[in-house]
Amino acid sequence: MLMLTTIGCDRVTKHLAAAKLNGNPGRSYLADTIRLEYAENPGAFLNLSDWSADGKYLAYAFSDMAGGTLYTLPLDGTGERKPTQIAHTDLRMFAPKFSPDGRFLSYIVIDKENRPEVFVRSIDPAATAAPWQISEGAASEAYWRRDGKEIYYLARDQSVMVAEVSTSPTFSFSKPKVLFKREAGGT
């Protein structure tokens, strides 16, 4: 009898598994009935992440080890449902979220050192403005305040960060500030 299974891991468990299993022979248990071996999936990720406030568009990202692409897809039922490519880069991108006015996307870029950062860009693929990097050390995706005047995210030190933003007439933002910090040993 042949039985195959895959075990998914959270970030902490993944790092522990990599430290113990990567580069080492697999571990056998119960007379080789169960065998643990380290394997990474360098495959692609499709991340369906947000609907525009008016319900007319879906934002999603496609990323693999070669880079990432942000898309919007019309959902209003008129015409052909053809995705629009918003941006492409050689870095991975995840978690696009529409600004409340639907004119911008916040999203995560994983840099070459495998660190996430929060960016914002126009949903207009012809826009010439470069994307704006909001964070300096993110650990989560970004969340827009309902009125679109602030963006929140979790920093790597587990502080909740906030950046004041404006989406009209053009995009602008202030340097993020600590909204609150998690106390040492606290929850």
# chains A, B, ... in the order shown; residues from 1 in each chain; ligands from 1
$ select_by_dssp --residues "region 12-136 of chain A" --states "helix (DSSP H, G or I)" --output "compact mmCIF listing (two decimals) with N, CA and C atoms, in the first residue's frame"
# COMPACT_ATOMS: atom_id res chain seq x y z
N VAL A 12 6.43 29.63 11.85
CA VAL A 12 7.35 29.15 12.89
C VAL A 12 7.69 27.69 12.66
N THR A 13 6.67 26.87 12.42
CA THR A 13 6.90 25.44 12.18
C THR A 13 7.74 25.23 10.93
N LYS A 14 7.51 26.06 9.92
CA LYS A 14 8.29 25.95 8.68
C LYS A 14 9.77 26.19 8.95
N HIS A 15 10.07 27.22 9.74
CA HIS A 15 11.48 27.51 10.06
C HIS A 15 12.10 26.38 10.88
N LEU A 16 11.34 25.81 11.81
CA LEU A 16 11.85 24.68 12.60
C LEU A 16 12.11 23.47 11.70
N ALA A 17 11.16 23.18 10.81
CA ALA A 17 11.34 22.04 9.90
C ALA A 17 12.55 22.26 8.99
N ALA A 18 12.71 23.47 8.48
CA ALA A 18 13.85 23.75 7.62
C ALA A 18 15.16 23.58 8.38
N ALA A 19 15.20 24.04 9.63
CA ALA A 19 16.42 23.94 10.42
C ALA A 19 16.77 22.48 10.73
N LYS A 20 15.76 21.65 10.98
CA LYS A 20 16.01 20.26 11.37
C LYS A 20 16.13 19.30 10.19
N LEU A 21 15.39 19.58 9.10
CA LEU A 21 15.32 18.60 8.02
C LEU A 21 16.08 18.99 6.75
$ residues_around --residues "region 64-77 of chain A" --least-positions-apart "6" --cutoff "6 Å" --atoms "only C-alpha atoms" --output "mmCIF file with C-alpha atoms, in the first residue's frame"
data_model
loop_
_atom_site.group_PDB
_atom_site.id
_atom_site.type_symbol
_atom_site.label_atom_id
_atom_site.label_comp_id
_atom_site.auth_asym_id
_atom_site.auth_seq_id
_atom_site.Cartn_x
_atom_site.Cartn_y
_atom_site.Cartn_z
ATOM 1 C CA GLY A 43 5.386 26.921 -7.328
ATOM 2 C CA ALA A 44 3.023 29.780 -8.054
ATOM 3 C CA LYS A 56 -17.500 45.840 -9.709
ATOM 4 C CA TYR A 57 -13.891 44.584 -9.525
ATOM 5 C CA LEU A 58 -11.864 41.818 -7.947
ATOM 6 C CA PRO A 83 -8.341 40.711 -16.345
ATOM 7 C CA THR A 84 -6.332 43.915 -16.527
ATOM 8 C CA GLN A 85 -2.668 43.692 -15.578
ATOM 9 C CA ILE A 86 -1.910 46.551 -13.174
ATOM 10 C CA ALA A 87 1.776 45.861 -12.506
ATOM 11 C CA HIS A 88 4.501 43.249 -12.930
ATOM 12 C CA THR A 89 7.847 42.954 -11.140
ATOM 13 C CA ASP A 90 10.580 40.385 -10.587
ATOM 14 C CA LEU A 91 9.578 40.375 -6.885
ATOM 15 C CA ARG A 92 6.640 38.416 -5.452
ATOM 16 C CA MET A 93 3.439 40.376 -4.705
#
$ residues_around --residues "Val178 (chain A)" --least-positions-apart "2" --cutoff "12 Å" --atoms "only C-alpha atoms" --output "PDB file with C-alpha atoms, in the first residue's frame"
ATOM      1  CA  SER A 135       6.246  50.437   5.313  1.00  0.00           C
ATOM      2  CA  GLU A 136       9.770  50.057   6.592  1.00  0.00           C
ATOM      3  CA  ILE A 151      -3.512  52.519   6.183  1.00  0.00           C
ATOM      4  CA  TYR A 152      -2.734  50.047   8.975  1.00  0.00           C
ATOM      5  CA  TYR A 153      -0.297  47.138   9.058  1.00  0.00           C
ATOM      6  CA  LEU A 154       1.656  45.032  11.520  1.00  0.00           C
ATOM      7  CA  ALA A 155       5.396  45.769  11.769  1.00  0.00           C
ATOM      8  CA  ARG A 156       8.039  43.080  12.217  1.00  0.00           C
ATOM      9  CA  ASP A 157       8.381  44.002  15.920  1.00  0.00           C
ATOM     10  CA  GLN A 158       4.608  43.339  16.247  1.00  0.00           C
ATOM     11  CA  SER A 159       3.735  47.054  16.554  1.00  0.00           C
ATOM     12  CA  VAL A 160       0.535  48.143  14.866  1.00  0.00           C
ATOM     13  CA  MET A 161       1.513  50.912  12.458  1.00  0.00           C
ATOM     14  CA  VAL A 162      -0.603  53.650  10.879  1.00  0.00           C
ATOM     15  CA  ALA A 163       0.144  55.963   7.959  1.00  0.00           C
ATOM     16  CA  GLU A 164      -2.084  58.909   7.119  1.00  0.00           C
ATOM     17  CA  LYS A 175       5.637  58.390   7.471  1.00  0.00           C
ATOM     18  CA  PRO A 176       4.020  55.526   9.420  1.00  0.00           C
ATOM     19  CA  PHE A 180       0.383  50.775  19.708  1.00  0.00           C
ATOM     20  CA  LYS A 181       2.974  48.175  20.680  1.00  0.00           C
ATOM     21  CA  ARG A 182       2.421  44.747  22.050  1.00  0.00           C
TER      22      ARG A 182
END
$ residues_around --residues "Leu105 (chain A)" --least-positions-apart "2" --cutoff "6 Å" --atoms "only C-alpha atoms" --output "PyMOL selection string"
chain A and resi 96-99+120-121
$ write_last_selection --atoms "N, CA and C atoms" --output "compact mmCIF listing (two decimals), in the first residue's frame"
# COMPACT_ATOMS: atom_id res chain seq x y z
N PRO A 96 -3.41 42.26 -2.67
CA PRO A 96 -3.86 43.58 -3.10
C PRO A 96 -5.21 43.91 -2.48
N LYS A 97 -5.34 45.16 -2.03
CA LYS A 97 -6.60 45.64 -1.44
C LYS A 97 -6.92 47.01 -2.01
N PHE A 98 -8.17 47.18 -2.43
CA PHE A 98 -8.61 48.45 -2.99
C PHE A 98 -8.70 49.52 -1.91
N SER A 99 -8.33 50.75 -2.29
CA SER A 99 -8.65 51.89 -1.44
C SER A 99 -10.17 52.04 -1.46
N VAL A 120 1.70 50.96 -2.30
CA VAL A 120 0.44 51.43 -2.87
C VAL A 120 0.73 51.89 -4.29
N ARG A 121 -0.22 51.63 -5.19
CA ARG A 121 -0.10 52.12 -6.57
C ARG A 121 -1.49 52.34 -7.13
$ closest_residue --among "A:Phe104, A:Ala130, A:Phe171, A:Glu141" --to "Glu117 (chain A)" --atoms "only C-alpha atoms"
A:Glu141
$ closest_residue --among "A:Asp54, A:Gly137, A:Trp132, A:Ala127" --to "Glu113 (chain A)" --atoms "only C-alpha atoms"
A:Gly137
$ atom_distance --atom1 "CA of Ile108 (chain A)" --atom2 "CA of Phe62 (chain A)"
12.0 Å
$ atom_distance --atom1 "CA of Leu48 (chain A)" --atom2 "CA of Tyr60 (chain A)"
4.4 Å
$ atom_distance --atom1 "CA of Ser106 (chain A)" --atom2 "CA of Arg146 (chain A)"
13.7 Å
$ select_by_dssp --residues "region 12-154 of chain A" --states "strand (DSSP E)" --output "VMD selection string"
chain A and resid 27 to 29 34 to 36 45 to 51 57 to 64 67 to 74 84 to 89 92 to 98 104 to 110 116 to 122 132 to 133 143 to 144 150 to 154
